[in-house]
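Written out below as structure tokens is the structure these notes cover.
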Amino acid sequence: MQKPAGEPEYLSGFGNHFSSEAVKGALPRDQNSPLGCPCGLYAEQISGTSFTTPRKLNQRSWLYRIKPSVTHKPFHPRVPRHERLVSEFNESTSSATPTQLRWKPVDIPESPTDFIDGLYTICGAGSSFIRHGYAIHMYAANKSMSGCAFCNADGDFLVVPQKGRLSITTECGKLVVSPGEIVILPQGFRFSIDLPDGPSRGYVAEIFGEHFQLPDLGPIGANGLAAARDFLVPTAWFEEASHPGYTIVQKFGGGLFTAKQDFSPFNVVAWHGNYVPFKYDLSKFCPFNTVLIDHGDPSINTVLTAPSDKPGVALLDFVIFPPRWLVAEHTFRPPYYHRNCMSEFMGLIYGIYEAKADGFLPGGASLHSCMTPHGPDTKTYEATIAVGENSEPVRLKGTMAFMFESYLIPRVCPWALDCPYLDANYYQCWIGLRSHFSSNNRSENGSPDVPGTTQVLSEDKGDA
Ligand SMILES: [Fe+2]
């Protein structure tokens, strides 16, 4: 496909069985594990699902590499320890609160900090060992990883850069990911992140025991939302030179372990399979929306979903709020006030979110847990009501907010509750909401809007 300027070559598609070779003829053509692989390479499989997972969900790839991954010294706990990564959410690591939480954007660190050291957990639920749950992290970094690769044995990362591009080398090849794009780094893949723009910040959702899928489209039909062809997969790229002292940093049960080897893990000359890292440009999303009345549920903007074992219930949905037209008539157009059995973590990549006039900033975040009330702030409500019935179609421009939504209730890490970025006055954005109630107000069809009264419509006898 067409290569954007400054970008590596990509393959396109979602869930395809891809093939790529950096040296012509390096990929075995007729079998996965020949006695002697072309070019003297080692064959190595990486399994993202159990061997016996049903075929439609099974994910694995075959990597043909100069030396196999196993060629390394033993793992040891990393020194110094990373104190702020969590994959077991219980009373000893985190706490639950129904309070609405909002964080201001964190500062970029002044001391040299790479992606690994700049990554820290905000909240999550479940356990990476039990293979059920998720963690929500953020990162703030200013330095490329050097002489090391990261490997997450706990789950899949969905990374949402908010500031600064990520130049990611993976075992399948290279990806450049800009703010406004996302990247999936599946469990077990080794990767190294360079920061070509220096100061960098973003969000990460990690899911345990599941992989992201495209949502079903239901009555929307065969097209819309994120199109499979817009997902981009790297092409094979390798380095052959020896790297004495190269370090593999493995996240395992939330802890970091290191192992030394004398070569780069990015020595895969050819590969094929459907278990791959990939990226997606959020501006390619085809949003759907109401065209007459009322505000649709945010699920209409689901980009990717990680299912639970309950139909229609997500372990974690990734939902965006992109630029779009608002056209609904006699409708309160911002998101409605609500309480949700699901829990909602939101971030803002750029612009202003439609439900918050101020206080929710790019790089910041909010968390509204299970059944915690939330909705537009006072300024947004009053401004919307003031426009009244005559509001014209409005195009929301220059904004990209997103939500990680889960049916598992998150527990919050202590450093996220005890940090200067936590907005202690968040609740005040709703305190000014005043009563507009008047028993003399009647809706346009003449029915009284008086709580506690019931009106029987005499013409409506056909429907009990
Ligand atoms: Fe919500």
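Numbering starts fresh at 1 for the residues of each chain in the structure tokens, the chains themselves are lettered A, B, ... in the order given, and ligands are numbered from 1 as they appear.
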
Which parts of range 89-281 of chain A does DSSP call strand (DSSP E or B) when run on the backbone here, written out as a ChimeraX atom specification? /A:95,101-103,119-127,132-141,148-152,156-163,166-170,173-177,179,181-185,190-194,200-208,213,225,231-234,242-252,255-263,268-273,278-281

Could you list, as JSON, numbers by chain, all residues that come within 12 Å of ligand 1? Count only C-alpha atoms and all ligand atoms. {"A": [100, 296, 297, 298, 299, 319, 321, 334, 335, 336, 337, 338, 339, 340, 341, 342, 343, 344, 345, 346, 355, 366, 367, 368, 369, 370, 371, 372, 373, 374, 375, 376, 402, 403, 404, 405, 406]}

Go ahead and save the picked residues with N, CA and C atoms, as a compact mmCIF listing (two decimals), in the first residue's frame.
# COMPACT_ATOMS: atom_id res chain seq x y z
N GLN A 100 -16.07 10.67 41.86
CA GLN A 100 -15.62 11.09 40.54
C GLN A 100 -14.17 11.58 40.67
N GLY A 296 -27.14 9.46 21.08
CA GLY A 296 -26.84 8.02 21.07
C GLY A 296 -25.94 7.63 22.22
N ASP A 297 -25.98 6.36 22.58
CA ASP A 297 -25.05 5.86 23.59
C ASP A 297 -23.64 5.85 23.02
N PRO A 298 -22.64 6.06 23.88
CA PRO A 298 -21.26 6.17 23.36
C PRO A 298 -20.75 4.90 22.69
N SER A 299 -21.39 3.78 22.93
CA SER A 299 -20.97 2.53 22.29
C SER A 299 -20.99 2.63 20.77
N VAL A 319 -13.35 3.45 23.00
CA VAL A 319 -14.37 4.28 22.35
C VAL A 319 -13.79 5.66 22.13
N PHE A 321 -14.40 9.88 20.75
CA PHE A 321 -15.34 10.98 20.52
C PHE A 321 -14.67 11.93 19.52
N PRO A 334 -25.17 17.61 24.20
CA PRO A 334 -24.02 17.01 24.92
C PRO A 334 -24.41 15.67 25.51
N PRO A 335 -23.43 14.88 25.95
CA PRO A 335 -23.77 13.61 26.60
C PRO A 335 -24.74 13.83 27.74
N TYR A 336 -25.69 12.92 27.88
CA TYR A 336 -26.70 13.02 28.93
C TYR A 336 -26.09 12.71 30.30
N TYR A 337 -26.79 13.16 31.34
CA TYR A 337 -26.39 12.75 32.70
C TYR A 337 -26.71 11.28 32.87
N HIS A 338 -25.80 10.57 33.50
CA HIS A 338 -26.11 9.16 33.67
C HIS A 338 -25.27 8.51 34.76
N ARG A 339 -25.74 7.33 35.13
CA ARG A 339 -25.01 6.41 35.99
C ARG A 339 -24.94 5.08 35.25
N ASN A 340 -23.79 4.46 35.30
CA ASN A 340 -23.51 3.34 34.41
C ASN A 340 -23.02 2.15 35.23
N CYS A 341 -23.54 0.96 34.94
CA CYS A 341 -23.01 -0.23 35.62
C CYS A 341 -21.59 -0.53 35.16
N MET A 342 -21.22 0.01 33.99
CA MET A 342 -19.84 -0.10 33.52
C MET A 342 -19.03 1.05 34.13
N SER A 343 -17.72 0.90 34.15
CA SER A 343 -16.84 1.96 34.65
C SER A 343 -16.12 2.61 33.48
N GLU A 344 -15.94 3.94 33.59
CA GLU A 344 -15.47 4.72 32.45
C GLU A 344 -14.23 5.51 32.81
N PHE A 345 -13.13 5.22 32.12
CA PHE A 345 -11.91 6.01 32.23
C PHE A 345 -11.79 6.80 30.93
N MET A 346 -11.64 8.12 31.05
CA MET A 346 -11.56 8.95 29.84
C MET A 346 -10.25 9.71 29.77
N ALA A 355 -18.49 17.71 26.79
CA ALA A 355 -19.26 17.76 28.05
C ALA A 355 -18.58 18.57 29.14
N SER A 366 -10.03 11.22 33.48
CA SER A 366 -11.08 11.15 34.49
C SER A 366 -11.50 9.70 34.67
N LEU A 367 -12.05 9.41 35.83
CA LEU A 367 -12.57 8.07 36.11
C LEU A 367 -13.92 8.20 36.79
N HIS A 368 -14.92 7.61 36.15
CA HIS A 368 -16.26 7.53 36.74
C HIS A 368 -16.57 6.06 36.86
N SER A 369 -16.52 5.56 38.08
CA SER A 369 -16.68 4.13 38.30
C SER A 369 -18.14 3.73 38.30
N CYS A 370 -18.34 2.44 38.43
CA CYS A 370 -19.66 1.82 38.40
C CYS A 370 -20.68 2.61 39.22
N MET A 371 -21.74 3.08 38.56
CA MET A 371 -22.88 3.75 39.16
C MET A 371 -22.56 5.12 39.78
N THR A 372 -21.37 5.64 39.50
CA THR A 372 -21.04 7.00 39.95
C THR A 372 -21.64 8.00 38.96
N PRO A 373 -22.47 8.94 39.46
CA PRO A 373 -23.11 9.88 38.53
C PRO A 373 -22.09 10.80 37.86
N HIS A 374 -22.36 11.14 36.61
CA HIS A 374 -21.53 12.11 35.91
C HIS A 374 -22.30 12.65 34.71
N GLY A 375 -21.73 13.64 34.06
CA GLY A 375 -22.39 14.27 32.92
C GLY A 375 -21.81 15.65 32.69
N PRO A 376 -22.47 16.44 31.84
CA PRO A 376 -21.92 17.76 31.50
C PRO A 376 -21.79 18.67 32.73
N PHE A 402 -11.34 10.05 24.29
CA PHE A 402 -11.56 8.61 24.19
C PHE A 402 -11.97 8.07 25.56
N MET A 403 -12.45 6.84 25.54
CA MET A 403 -12.87 6.19 26.79
C MET A 403 -12.42 4.73 26.77
N PHE A 404 -11.88 4.28 27.91
CA PHE A 404 -11.73 2.85 28.17
C PHE A 404 -12.90 2.49 29.09
N GLU A 405 -13.75 1.58 28.67
CA GLU A 405 -14.94 1.24 29.45
C GLU A 405 -14.93 -0.25 29.77
N SER A 406 -15.19 -0.58 31.02
CA SER A 406 -15.14 -1.99 31.43
C SER A 406 -16.25 -2.34 32.39

Which residues are near Pro362 in chain A? Cut-off 10 Å, only C-alpha atoms, ignore same chain within fewer than 2 positions. Put them as a list of chain:residue names. A:Lys104, A:Pro105, A:Gln162, A:Lys163, A:Gly202, A:Gly347, A:Leu348, A:Ile349, A:Tyr350, A:Gly351, A:Ile352, A:Tyr353, A:Gly359, A:Phe360, A:Gly364, A:Ala365, A:Thr399, A:Met400, A:Ala401

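If only C-alpha atoms are the atoms counted, then among A:Trp62, A:Phe51, A:Phe238, A:Tyr203 the closest residue to Leu119 in chain A is A:Tyr203.
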
For Pro8 in chain A, work out the shell of residues within 10 Å, counting only C-alpha atoms and skipping chain neighbours fewer than 6 positions away, then give it as a ChimeraX atom specification. /A:167,173-176,234-235,237

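Of the listed residues A:Ala222, A:Ala26, A:Gly254, A:His330, the one whose atoms come nearest to Arg78 in chain A is A:Gly254, with distances taken using only C-alpha atoms.
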
Do you have, as CSV, the list of residues of range 82-200 of chain A lying at most 12 Å from range 271-285 of chain A, each with its nearest atom pair and that distance in Å to one decimal, counting only C-alpha atoms and ordered by chain then number?
residue,atom,partner,partner_atom,distance
A:Asp156,CA,A:Pro277,CA,9.6
A:Phe157,CA,A:Pro277,CA,9.6
A:Leu158,CA,A:Lys279,CA,9.3
A:Val159,CA,A:Lys279,CA,9.3
A:Val160,CA,A:Lys279,CA,10.1
A:Pro161,CA,A:Asp281,CA,11.4
A:Leu166,CA,A:Lys279,CA,11.2
A:Ser167,CA,A:Lys279,CA,11.7
A:Ile168,CA,A:Pro277,CA,10.1
A:Thr169,CA,A:Pro277,CA,10.2
A:Thr170,CA,A:Pro277,CA,7.7
A:Glu171,CA,A:Pro277,CA,9.0
A:Cys172,CA,A:Trp271,CA,7.0
A:Gly173,CA,A:Pro277,CA,9.0
A:Lys174,CA,A:Pro277,CA,9.6
A:Leu175,CA,A:Lys279,CA,7.6
A:Val176,CA,A:Lys279,CA,8.6
A:Val177,CA,A:Lys279,CA,7.1
A:Ser178,CA,A:Asp281,CA,8.5
A:Pro179,CA,A:Asp281,CA,9.0
A:Gly180,CA,A:Leu282,CA,5.7
A:Glu181,CA,A:Asp281,CA,4.3
A:Ile182,CA,A:Tyr280,CA,5.4
A:Val183,CA,A:Lys279,CA,4.1
A:Ile184,CA,A:Phe278,CA,5.4
A:Leu185,CA,A:Pro277,CA,4.9
A:Pro186,CA,A:Pro277,CA,6.0
A:Gln187,CA,A:Pro277,CA,9.5
A:Gly188,CA,A:Tyr275,CA,10.3
A:Phe189,CA,A:Pro277,CA,8.0
A:Arg190,CA,A:Pro277,CA,10.1
A:Phe191,CA,A:Pro277,CA,9.7

10 Å contact set for Val291 in chain A, only C-alpha atoms, chain neighbours under 4 positions out, as a VMD selection string: chain A and resid 295 325 to 329

Go ahead and write the selection's residues with N, CA and C atoms as a PDB file, in the first residue's frame.
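What follows is the written file part.pdb:
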ATOM      1  N   HIS A 295     -29.586  11.676  21.992  1.00  0.00           N
ATOM      2  CA  HIS A 295     -28.135  11.471  21.985  1.00  0.00           C
ATOM      3  C   HIS A 295     -27.874   9.971  22.046  1.00  0.00           C
ATOM      4  N   TRP A 325     -20.531  16.010  13.094  1.00  0.00           N
ATOM      5  CA  TRP A 325     -21.650  16.939  13.112  1.00  0.00           C
ATOM      6  C   TRP A 325     -22.632  16.570  14.212  1.00  0.00           C
ATOM      7  N   LEU A 326     -23.137  17.598  14.888  1.00  0.00           N
ATOM      8  CA  LEU A 326     -24.250  17.425  15.832  1.00  0.00           C
ATOM      9  C   LEU A 326     -25.462  18.092  15.193  1.00  0.00           C
ATOM     10  N   VAL A 327     -26.507  17.323  14.957  1.00  0.00           N
ATOM     11  CA  VAL A 327     -27.639  17.857  14.188  1.00  0.00           C
ATOM     12  C   VAL A 327     -28.990  17.617  14.867  1.00  0.00           C
ATOM     13  N   ALA A 328     -29.011  16.944  15.994  1.00  0.00           N
ATOM     14  CA  ALA A 328     -30.292  16.526  16.575  1.00  0.00           C
ATOM     15  C   ALA A 328     -31.184  17.733  16.892  1.00  0.00           C
ATOM     16  N   GLU A 329     -32.470  17.578  16.581  1.00  0.00           N
ATOM     17  CA  GLU A 329     -33.446  18.642  16.849  1.00  0.00           C
ATOM     18  C   GLU A 329     -34.002  18.504  18.259  1.00  0.00           C
TER      19      GLU A 329
END

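Pairwise distance (CA of Ser128 in chain A, CA of Ala259 in chain A) equals 21.0 Å.
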
Residues at most 12 Å from Ala227 in chain A, counting only C-alpha atoms, excluding those fewer than 4 positions away in the same chain, as an NGL selection string? :A and (12-15 or 213-217 or 222-223 or 231-232 or 280-287 or 302-304)

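Among the candidates A:Pro109, A:Pro38, A:Pro420, A:Gly245, the residue lying nearest to Gly147 in chain A is A:Gly245 (atoms considered: only C-alpha atoms).
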
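Taking CA of Thr378 in chain A as the reference point, CA of Thr290 in chain A is found at 24.0 Å.
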
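Candidate residues A:Tyr421, A:Trp415, A:Tyr134, A:Tyr120 were compared for distance to Leu315 in chain A, and the nearest is A:Tyr134, using only C-alpha atoms.
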
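The coordinates place CA of Asp154 in chain A at 5.7 Å from CA of Phe252 in chain A.
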